[in-house]
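Scroll down for the structure; my scribbles are underneath it.
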Amino acid sequence: MPQWLLHVDGGILLWIQEVLRCAILDPVLILYTQLGNAGILWIVLSALLLCFPKTRKAGFVSLIAMLLGLLCTNVILKHLVGRTRPWLVVEGLIPLVAEHDPNSFPSGHTCAAFAAASAWWRTLPRRWMKVTGVVMAALMGFSRLYVGVHFPTDVLAGMAVGLFCGWLAWLIWKRLAAWRGWEAK
């Protein structure tokens with residue numbers, strides 16, 4: 001990682017810590033970021049979508065997207081890149097949550113959030129549902145910065161991988177639907 005990028009990444013995290021962190025937001029964003037552990041928030045929401053005929057496709061596509069995201073981030077990229085967590089290299093940064101995975105790049109929480117949101121954007125029937133998914137995903141990415149466990153570039157990469165996986169899951173769904181004779185809309 002170039003030194004200038006580490007300096008910019010670290011500077012943003014320290015700015016968030018010094019300017020944005022406060023007693024009101026800390027517990028809210030700590031809870032929200034922990035809801036993303038193992039993708040649980042997105043998995044639960046996707047499973048709920050499977051329960052209703054009008055949103056079943058969205059639930060199915062988002063689960064595929066998250067599985068692809070898991071493979072890309074936690075199985076492949078984190079081990080290939082091996083970037084350490086920010087509090088280990090940014091002097092003065094204090095994480096608000098314990099993170100046991102030593103690898104930081106890319107953000108798996110952000111990837112899962114954007115994989116689900118990307119799938120939902122393509123498949124949910126109502127615009128407010130789509131927008132809500134994207135806002136929730138963006139908030140998850142921000143929460144990872146707020147609690148100090150990811151660099152901004154980790155979150156951006158997680159977002160990019162998640163968006164790609166959502167798109168790829170949509171293509172898989174279309175192929176599967178065409179092959180099985182289902183509606184691929």
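All residue names refer to the structure tokens as shown: chains lettered A, B, ... in order, residues numbered from 1 in each chain, ligands numbered from 1 in order.
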For Gln3 in chain A, find every residue with an atom within 12 Å (counting only C-alpha atoms), except residues of its own chain fewer than 5 positions away, and show them as a list in words. Val8, Asp9, Gly10, Val89 and Val90 of chain A
Only N, CA, C and O atoms, please: the residues just picked out, written as a CSV table (one decimal), in the first residue's frame.
chain,number,residue,atom,x,y,z
A,8,VAL,N,-3.5,9.3,4.0
A,8,VAL,CA,-4.9,9.8,3.7
A,8,VAL,C,-5.9,9.0,4.4
A,8,VAL,O,-6.8,9.5,5.1
A,9,ASP,N,-5.9,7.6,4.3
A,9,ASP,CA,-6.8,6.7,5.0
A,9,ASP,C,-6.8,7.0,6.5
A,9,ASP,O,-7.8,7.1,7.1
A,10,GLY,N,-5.6,7.0,7.1
A,10,GLY,CA,-5.5,7.2,8.5
A,10,GLY,C,-6.0,8.6,8.9
A,10,GLY,O,-6.6,8.7,10.0
A,89,VAL,N,-1.8,0.4,12.8
A,89,VAL,CA,-0.8,1.2,12.1
A,89,VAL,C,-1.1,2.7,12.1
A,89,VAL,O,-0.2,3.5,11.7
A,90,VAL,N,-2.3,3.1,12.6
A,90,VAL,CA,-2.6,4.5,12.7
A,90,VAL,C,-2.5,4.9,14.1
A,90,VAL,O,-3.3,4.6,15.0
Got a sec: who's within 7 Å of range 169-176 of chain A, counting only C-alpha atoms, leaving out chain neighbours fewer than 3 positions off, as an mmCIF file with N, CA and C atoms, in the first residue's frame?
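File produced: result.cif:
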data_model
loop_
_atom_site.group_PDB
_atom_site.id
_atom_site.type_symbol
_atom_site.label_atom_id
_atom_site.label_comp_id
_atom_site.auth_asym_id
_atom_site.auth_seq_id
_atom_site.Cartn_x
_atom_site.Cartn_y
_atom_site.Cartn_z
ATOM 1 N N VAL A 61 -31.971 -13.692 -4.845
ATOM 2 C CA VAL A 61 -30.832 -13.061 -5.527
ATOM 3 C C VAL A 61 -29.859 -12.463 -4.510
ATOM 4 N N ILE A 64 -27.669 -15.193 -2.975
ATOM 5 C CA ILE A 64 -26.619 -15.583 -3.924
ATOM 6 C C ILE A 64 -25.517 -14.521 -3.933
ATOM 7 N N ALA A 65 -25.920 -13.250 -3.981
ATOM 8 C CA ALA A 65 -24.947 -12.151 -4.019
ATOM 9 C C ALA A 65 -24.051 -12.168 -2.785
ATOM 10 N N ALA A 119 -28.607 -6.354 -5.150
ATOM 11 C CA ALA A 119 -29.607 -7.344 -5.575
ATOM 12 C C ALA A 119 -31.009 -6.806 -5.363
ATOM 13 N N CYS A 165 -20.921 -8.341 -7.033
ATOM 14 C CA CYS A 165 -21.557 -9.616 -6.687
ATOM 15 C C CYS A 165 -23.072 -9.544 -6.816
ATOM 16 N N GLY A 166 -23.669 -8.397 -6.497
ATOM 17 C CA GLY A 166 -25.102 -8.215 -6.694
ATOM 18 C C GLY A 166 -25.468 -8.299 -8.158
ATOM 19 N N TRP A 179 -33.476 -20.844 -17.960
ATOM 20 C CA TRP A 179 -33.276 -22.288 -18.084
ATOM 21 C C TRP A 179 -34.465 -23.051 -17.522
ATOM 22 N N ARG A 180 -34.997 -22.586 -16.377
ATOM 23 C CA ARG A 180 -36.115 -23.267 -15.713
ATOM 24 C C ARG A 180 -37.479 -22.822 -16.218
ATOM 25 N N ALA A 184 -37.976 -14.087 -15.578
ATOM 26 C CA ALA A 184 -36.645 -13.564 -15.269
ATOM 27 C C ALA A 184 -36.645 -12.058 -15.059
#
Nearest to Leu29 in chain A, restricted to only C-alpha atoms and choosing among A:Tyr146, A:Phe164, A:Phe105, A:Trp15, comes out as A:Tyr146
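The shell of residues at most 9 Å from Leu70 in chain A, with only C-alpha atoms counted and near chain neighbours (fewer than 5 positions) removed, consists of A:Ala65, A:Val75, A:Ile76, A:Gly108, A:Cys111, A:Ala112.
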Please dump the current selection as a tab-separated table (two decimals), in the first residue's frame; keep N, CA and C atoms.
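Contents of part.tsv, as written:
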chain	number	residue	atom	x	y	z
A	65	ALA	N	-25.92	-13.25	-3.98
A	65	ALA	CA	-24.95	-12.15	-4.02
A	65	ALA	C	-24.05	-12.17	-2.79
A	75	VAL	N	-12.76	-15.28	1.70
A	75	VAL	CA	-12.03	-16.49	1.31
A	75	VAL	C	-10.82	-16.14	0.44
A	76	ILE	N	-10.96	-15.16	-0.45
A	76	ILE	CA	-9.88	-14.88	-1.40
A	76	ILE	C	-9.11	-13.60	-1.08
A	108	GLY	N	-15.65	-6.94	4.67
A	108	GLY	CA	-16.67	-7.96	4.45
A	108	GLY	C	-18.06	-7.48	4.83
A	111	CYS	N	-19.18	-5.31	2.00
A	111	CYS	CA	-19.44	-6.15	0.83
A	111	CYS	C	-20.81	-6.82	0.95
A	112	ALA	N	-21.09	-7.43	2.08
A	112	ALA	CA	-22.39	-8.10	2.28
A	112	ALA	C	-23.54	-7.10	2.14
task: Could you tell me how far CA of Val44 in chain A lies from CA of Met66 in chain A, in Å and to one decimal?
output: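 Separation of CA of Val44 in chain A and CA of Met66 in chain A: 12.0 Å.
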Residues at most 12 Å from Ile12 in chain A, counting only C-alpha atoms, excluding those fewer than 3 positions away in the same chain, as a JSON list (two decimals) with all heavy atoms, in the first residue's frame?
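Just written: part_6.json:
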[["chain", "number", "residue", "atom", "x", "y", "z"],
["A", 5, "LEU", "N", -1.29, 6.91, 0.49],
["A", 5, "LEU", "CA", -2.66, 6.44, 0.65],
["A", 5, "LEU", "C", -2.93, 6.04, 2.11],
["A", 5, "LEU", "O", -4.00, 6.34, 2.65],
["A", 5, "LEU", "CB", -2.92, 5.25, -0.28],
["A", 5, "LEU", "CG", -4.34, 4.72, -0.33],
["A", 5, "LEU", "CD1", -5.33, 5.83, -0.69],
["A", 5, "LEU", "CD2", -4.44, 3.58, -1.32],
["A", 6, "LEU", "N", -1.96, 5.42, 2.74],
["A", 6, "LEU", "CA", -2.08, 5.10, 4.16],
["A", 6, "LEU", "C", -2.24, 6.37, 4.99],
["A", 6, "LEU", "O", -3.06, 6.42, 5.91],
["A", 6, "LEU", "CB", -0.86, 4.30, 4.64],
["A", 6, "LEU", "CG", -0.84, 3.93, 6.11],
["A", 6, "LEU", "CD1", -2.02, 3.04, 6.47],
["A", 6, "LEU", "CD2", 0.47, 3.24, 6.46],
["A", 7, "HIS", "N", -1.51, 7.40, 4.62],
["A", 7, "HIS", "CA", -1.60, 8.68, 5.33],
["A", 7, "HIS", "C", -3.01, 9.29, 5.16],
["A", 7, "HIS", "O", -3.59, 9.78, 6.13],
["A", 7, "HIS", "CB", -0.53, 9.64, 4.80],
["A", 7, "HIS", "CG", -0.52, 10.95, 5.49],
["A", 7, "HIS", "ND1", -0.10, 11.11, 6.79],
["A", 7, "HIS", "CD2", -0.89, 12.18, 5.06],
["A", 7, "HIS", "CE1", -0.21, 12.38, 7.13],
["A", 7, "HIS", "NE2", -0.69, 13.05, 6.09],
["A", 8, "VAL", "N", -3.55, 9.28, 3.95],
["A", 8, "VAL", "CA", -4.89, 9.81, 3.71],
["A", 8, "VAL", "C", -5.93, 8.97, 4.44],
["A", 8, "VAL", "O", -6.81, 9.51, 5.13],
["A", 8, "VAL", "CB", -5.19, 9.86, 2.19],
["A", 8, "VAL", "CG1", -6.65, 10.20, 1.93],
["A", 8, "VAL", "CG2", -4.29, 10.88, 1.50],
["A", 9, "ASP", "N", -5.85, 7.65, 4.29],
["A", 9, "ASP", "CA", -6.79, 6.74, 4.97],
["A", 9, "ASP", "C", -6.78, 6.97, 6.48],
["A", 9, "ASP", "O", -7.82, 7.10, 7.11],
["A", 9, "ASP", "CB", -6.39, 5.28, 4.71],
["A", 9, "ASP", "CG", -7.16, 4.65, 3.57],
["A", 9, "ASP", "OD1", -8.06, 5.29, 3.01],
["A", 9, "ASP", "OD2", -6.86, 3.48, 3.25],
["A", 15, "TRP", "N", -9.91, 11.89, 11.77],
["A", 15, "TRP", "CA", -10.89, 12.98, 11.71],
["A", 15, "TRP", "C", -12.26, 12.49, 12.20],
["A", 15, "TRP", "O", -12.91, 13.17, 12.98],
["A", 15, "TRP", "CB", -10.99, 13.53, 10.29],
["A", 15, "TRP", "CG", -11.98, 14.64, 10.17],
["A", 15, "TRP", "CD1", -11.76, 15.96, 10.45],
["A", 15, "TRP", "CD2", -13.35, 14.52, 9.77],
["A", 15, "TRP", "NE1", -12.91, 16.68, 10.25],
["A", 15, "TRP", "CE2", -13.90, 15.82, 9.84],
["A", 15, "TRP", "CE3", -14.15, 13.47, 9.38],
["A", 15, "TRP", "CZ2", -15.23, 16.09, 9.52],
["A", 15, "TRP", "CZ3", -15.48, 13.73, 9.06],
["A", 15, "TRP", "CH2", -16.01, 15.02, 9.13],
["A", 16, "ILE", "N", -12.68, 11.30, 11.74],
["A", 16, "ILE", "CA", -13.95, 10.73, 12.20],
["A", 16, "ILE", "C", -13.92, 10.56, 13.72],
["A", 16, "ILE", "O", -14.88, 10.92, 14.42],
["A", 16, "ILE", "CB", -14.25, 9.39, 11.50],
["A", 16, "ILE", "CG1", -14.58, 9.64, 10.02],
["A", 16, "ILE", "CG2", -15.39, 8.64, 12.20],
["A", 16, "ILE", "CD1", -14.67, 8.37, 9.19],
["A", 17, "GLN", "N", -12.82, 10.03, 14.23],
["A", 17, "GLN", "CA", -12.69, 9.81, 15.67],
["A", 17, "GLN", "C", -12.76, 11.12, 16.44],
["A", 17, "GLN", "O", -13.44, 11.20, 17.48],
["A", 17, "GLN", "CB", -11.37, 9.09, 15.97],
["A", 17, "GLN", "CG", -11.09, 8.88, 17.44],
["A", 17, "GLN", "CD", -9.82, 8.09, 17.67],
["A", 17, "GLN", "OE1", -9.84, 6.88, 17.54],
["A", 17, "GLN", "NE2", -8.73, 8.78, 17.97],
["A", 18, "GLU", "N", -12.09, 12.14, 15.97],
["A", 18, "GLU", "CA", -12.00, 13.40, 16.71],
["A", 18, "GLU", "C", -13.23, 14.30, 16.52],
["A", 18, "GLU", "O", -13.61, 15.02, 17.43],
["A", 18, "GLU", "CB", -10.74, 14.17, 16.31],
["A", 18, "GLU", "CG", -9.46, 13.43, 16.61],
["A", 18, "GLU", "CD", -9.32, 13.02, 18.06],
["A", 18, "GLU", "OE1", -9.65, 13.84, 18.95],
["A", 18, "GLU", "OE2", -8.91, 11.87, 18.32],
["A", 19, "VAL", "N", -13.86, 14.27, 15.35],
["A", 19, "VAL", "CA", -14.93, 15.21, 15.03],
["A", 19, "VAL", "C", -16.32, 14.58, 15.13],
["A", 19, "VAL", "O", -17.25, 15.22, 15.64],
["A", 19, "VAL", "CB", -14.72, 15.82, 13.62],
["A", 19, "VAL", "CG1", -15.86, 16.73, 13.23],
["A", 19, "VAL", "CG2", -13.39, 16.57, 13.57],
["A", 20, "LEU", "N", -16.49, 13.37, 14.65],
["A", 20, "LEU", "CA", -17.84, 12.80, 14.55],
["A", 20, "LEU", "C", -18.24, 11.90, 15.73],
["A", 20, "LEU", "O", -19.43, 11.81, 16.04],
["A", 20, "LEU", "CB", -17.99, 12.01, 13.25],
["A", 20, "LEU", "CG", -17.82, 12.81, 11.96],
["A", 20, "LEU", "CD1", -18.02, 11.92, 10.76],
["A", 20, "LEU", "CD2", -18.77, 14.00, 11.92],
["A", 86, "PRO", "N", -6.59, -0.99, 10.90],
["A", 86, "PRO", "CA", -6.06, 0.38, 11.01],
["A", 86, "PRO", "C", -5.50, 0.76, 12.37],
["A", 86, "PRO", "O", -4.50, 1.49, 12.45],
["A", 86, "PRO", "CB", -7.26, 1.27, 10.65],
["A", 86, "PRO", "CG", -8.44, 0.40, 10.61],
["A", 86, "PRO", "CD", -7.98, -1.01, 10.48],
["A", 90, "VAL", "N", -2.26, 3.11, 12.57],
["A", 90, "VAL", "CA", -2.59, 4.54, 12.66],
["A", 90, "VAL", "C", -2.48, 4.95, 14.13],
["A", 90, "VAL", "O", -3.30, 4.57, 14.96],
["A", 90, "VAL", "CB", -4.02, 4.82, 12.13],
["A", 90, "VAL", "CG1", -4.37, 6.30, 12.31],
["A", 90, "VAL", "CG2", -4.14, 4.41, 10.66],
["A", 93, "LEU", "N", -5.44, 5.96, 16.89],
["A", 93, "LEU", "CA", -6.77, 5.47, 16.55],
["A", 93, "LEU", "C", -7.21, 4.44, 17.58],
["A", 93, "LEU", "O", -6.48, 3.50, 17.89],
["A", 93, "LEU", "CB", -6.80, 4.85, 15.15],
["A", 93, "LEU", "CG", -8.16, 4.35, 14.67],
["A", 93, "LEU", "CD1", -9.14, 5.52, 14.52],
["A", 93, "LEU", "CD2", -8.02, 3.61, 13.35],
["A", 142, "PHE", "N", -20.15, 3.18, 6.52],
["A", 142, "PHE", "CA", -19.73, 4.26, 7.39],
["A", 142, "PHE", "C", -19.49, 3.77, 8.82],
["A", 142, "PHE", "O", -18.53, 4.20, 9.47],
["A", 142, "PHE", "CB", -20.77, 5.40, 7.40],
["A", 142, "PHE", "CG", -20.42, 6.48, 8.37],
["A", 142, "PHE", "CD1", -19.38, 7.35, 8.10],
["A", 142, "PHE", "CD2", -21.10, 6.60, 9.57],
["A", 142, "PHE", "CE1", -19.01, 8.34, 9.01],
["A", 142, "PHE", "CE2", -20.74, 7.58, 10.49],
["A", 142, "PHE", "CZ", -19.70, 8.45, 10.21],
["A", 145, "LEU", "N", -16.04, 2.53, 9.43],
["A", 145, "LEU", "CA", -15.07, 3.61, 9.61],
["A", 145, "LEU", "C", -15.23, 4.23, 10.99],
["A", 145, "LEU", "O", -14.24, 4.50, 11.68],
["A", 145, "LEU", "CB", -15.27, 4.69, 8.54],
["A", 145, "LEU", "CG", -15.14, 4.25, 7.09],
["A", 145, "LEU", "CD1", -15.49, 5.39, 6.16],
["A", 145, "LEU", "CD2", -13.75, 3.71, 6.81],
["A", 146, "TYR", "N", -16.46, 4.47, 11.39],
["A", 146, "TYR", "CA", -16.76, 5.12, 12.66],
["A", 146, "TYR", "C", -16.18, 4.35, 13.84],
["A", 146, "TYR", "O", -15.62, 4.95, 14.75],
["A", 146, "TYR", "CB", -18.28, 5.27, 12.80],
["A", 146, "TYR", "CG", -18.70, 6.08, 14.00],
["A", 146, "TYR", "CD1", -18.87, 7.46, 13.90],
["A", 146, "TYR", "CD2", -18.92, 5.48, 15.23],
["A", 146, "TYR", "CE1", -19.26, 8.22, 15.00],
["A", 146, "TYR", "CE2", -19.31, 6.22, 16.33],
["A", 146, "TYR", "CZ", -19.47, 7.59, 16.21],
["A", 146, "TYR", "OH", -19.85, 8.33, 17.31],
["A", 148, "GLY", "N", -13.71, 2.37, 13.69],
["A", 148, "GLY", "CA", -12.26, 2.32, 13.55],
["A", 148, "GLY", "C", -11.67, 0.98, 13.19],
["A", 148, "GLY", "O", -10.50, 0.73, 13.48],
["A", 150, "HIS", "N", -11.84, -0.39, 9.91],
["A", 150, "HIS", "CA", -11.49, -0.45, 8.49],
["A", 150, "HIS", "C", -11.00, 0.89, 8.01],
["A", 150, "HIS", "O", -11.44, 1.94, 8.48],
["A", 150, "HIS", "CB", -12.70, -0.85, 7.63],
["A", 150, "HIS", "CG", -12.97, -2.31, 7.60],
["A", 150, "HIS", "ND1", -12.13, -3.19, 6.98],
["A", 150, "HIS", "CD2", -13.98, -3.03, 8.11],
["A", 150, "HIS", "CE1", -12.62, -4.42, 7.11],
["A", 150, "HIS", "NE2", -13.74, -4.34, 7.81],
["A", 151, "PHE", "N", -10.11, 0.84, 7.04],
["A", 151, "PHE", "CA", -9.68, 2.04, 6.33],
["A", 151, "PHE", "C", -10.77, 2.41, 5.31],
["A", 151, "PHE", "O", -11.51, 1.54, 4.85],
["A", 151, "PHE", "CB", -8.38, 1.75, 5.55],
["A", 151, "PHE", "CG", -7.17, 1.55, 6.42],
["A", 151, "PHE", "CD1", -6.70, 0.27, 6.67],
["A", 151, "PHE", "CD2", -6.51, 2.64, 6.95],
["A", 151, "PHE", "CE1", -5.56, 0.08, 7.45],
["A", 151, "PHE", "CE2", -5.37, 2.46, 7.74],
["A", 151, "PHE", "CZ", -4.90, 1.19, 7.98],
["A", 152, "PRO", "N", -10.83, 3.69, 4.90],
["A", 152, "PRO", "CA", -11.80, 4.07, 3.86],
["A", 152, "PRO", "C", -11.63, 3.26, 2.57],
["A", 152, "PRO", "O", -12.63, 2.90, 1.94],
["A", 152, "PRO", "CB", -11.51, 5.55, 3.64],
["A", 152, "PRO", "CG", -11.01, 6.03, 4.97],
["A", 152, "PRO", "CD", -10.20, 4.87, 5.51],
["A", 153, "THR", "N", -10.40, 2.95, 2.19],
["A", 153, "THR", "CA", -10.20, 2.16, 0.97],
["A", 153, "THR", "C", -10.71, 0.73, 1.13],
["A", 153, "THR", "O", -11.13, 0.10, 0.16],
["A", 153, "THR", "CB", -8.73, 2.17, 0.52],
["A", 153, "THR", "OG1", -7.90, 1.88, 1.65],
["A", 153, "THR", "CG2", -8.35, 3.52, -0.07]]
Which residues are close to Val28 in chain A, i.e. within 10 Å by only C-alpha atoms, leaving aside same-chain residues fewer than 5 positions away? Reply as a ChimeraX atom specification. /A:23,33,143
Save the residues we just selected, N, CA, C and O atoms, as a short mmCIF file (atom, residue, chain, number, x, y, z; two decimals), in the first residue's frame?
data_model
loop_
_atom_site.label_atom_id
_atom_site.label_comp_id
_atom_site.auth_asym_id
_atom_site.auth_seq_id
_atom_site.Cartn_x
_atom_site.Cartn_y
_atom_site.Cartn_z
N ALA A 23 -21.13 10.61 22.29
CA ALA A 23 -21.83 9.70 23.21
C ALA A 23 -23.17 9.24 22.66
O ALA A 23 -23.63 8.15 23.00
N THR A 33 -23.09 -1.80 13.48
CA THR A 33 -21.98 -2.51 12.87
C THR A 33 -21.95 -3.97 13.32
O THR A 33 -21.63 -4.86 12.54
N SER A 143 -20.33 2.86 9.30
CA SER A 143 -20.17 2.37 10.67
C SER A 143 -18.82 1.67 10.85
O SER A 143 -18.22 1.74 11.93
#
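Considering the residues A:Ser104, A:Val131, A:Thr73, A:Trp120 and counting only C-alpha atoms, Leu88 in chain A has its shortest atom-to-atom contact with A:Ser104.
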request  = Determine which residues of chain A DSSP labels as helix (DSSP H, G or I) from the backbone of this structure, then write them out as a ChimeraX atom specification.
outcome  = /A:3-20,25-35,37-50,56-81,86-88,108-123,127-146,152-180
query: Nearest to Gly92 in chain A: which of A:Leu14, A:Arg144, A:Thr55, A:Val135 is it, counting only C-alpha atoms?
result: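 When distances to Gly92 in chain A are compared using only C-alpha atoms, the smallest one comes from A:Leu14.
Shortest atom-to-atom contact with Ile94 in chain A among A:Val147, A:Lys57, A:Leu168, A:Leu139: A:Val147, counting only C-alpha atoms.
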key: Ser118 in chain A environment, 8 Å, only C-alpha atoms, sequence neighbours closer than 5 positions dropped, as a list in words   = Ser62, Val134, Gly162, Leu163, Gly166 and Trp167 of chain A
CA of Ser107 in chain A to CA of Leu156 in chain A, straight-line distance in Å: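 Calculated distance between CA of Leu156 in chain A and CA of Ser107 in chain A is 8.1 Å.
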ask   = Do you have the CA of Gly36 in chain A-CA of Asn74 in chain A distance handy?
value =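 Value for the CA of Gly36 in chain A-CA of Asn74 in chain A distance: 14.0 Å.
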* Fewer than 6 positions away in the same chain doesn't count, so skip those; otherwise give me all residues within 7 Å of Leu49 in chain A, counting only C-alpha atoms, as a list in words. => Thr55, Arg56, Ala58 and Gly59 of chain A
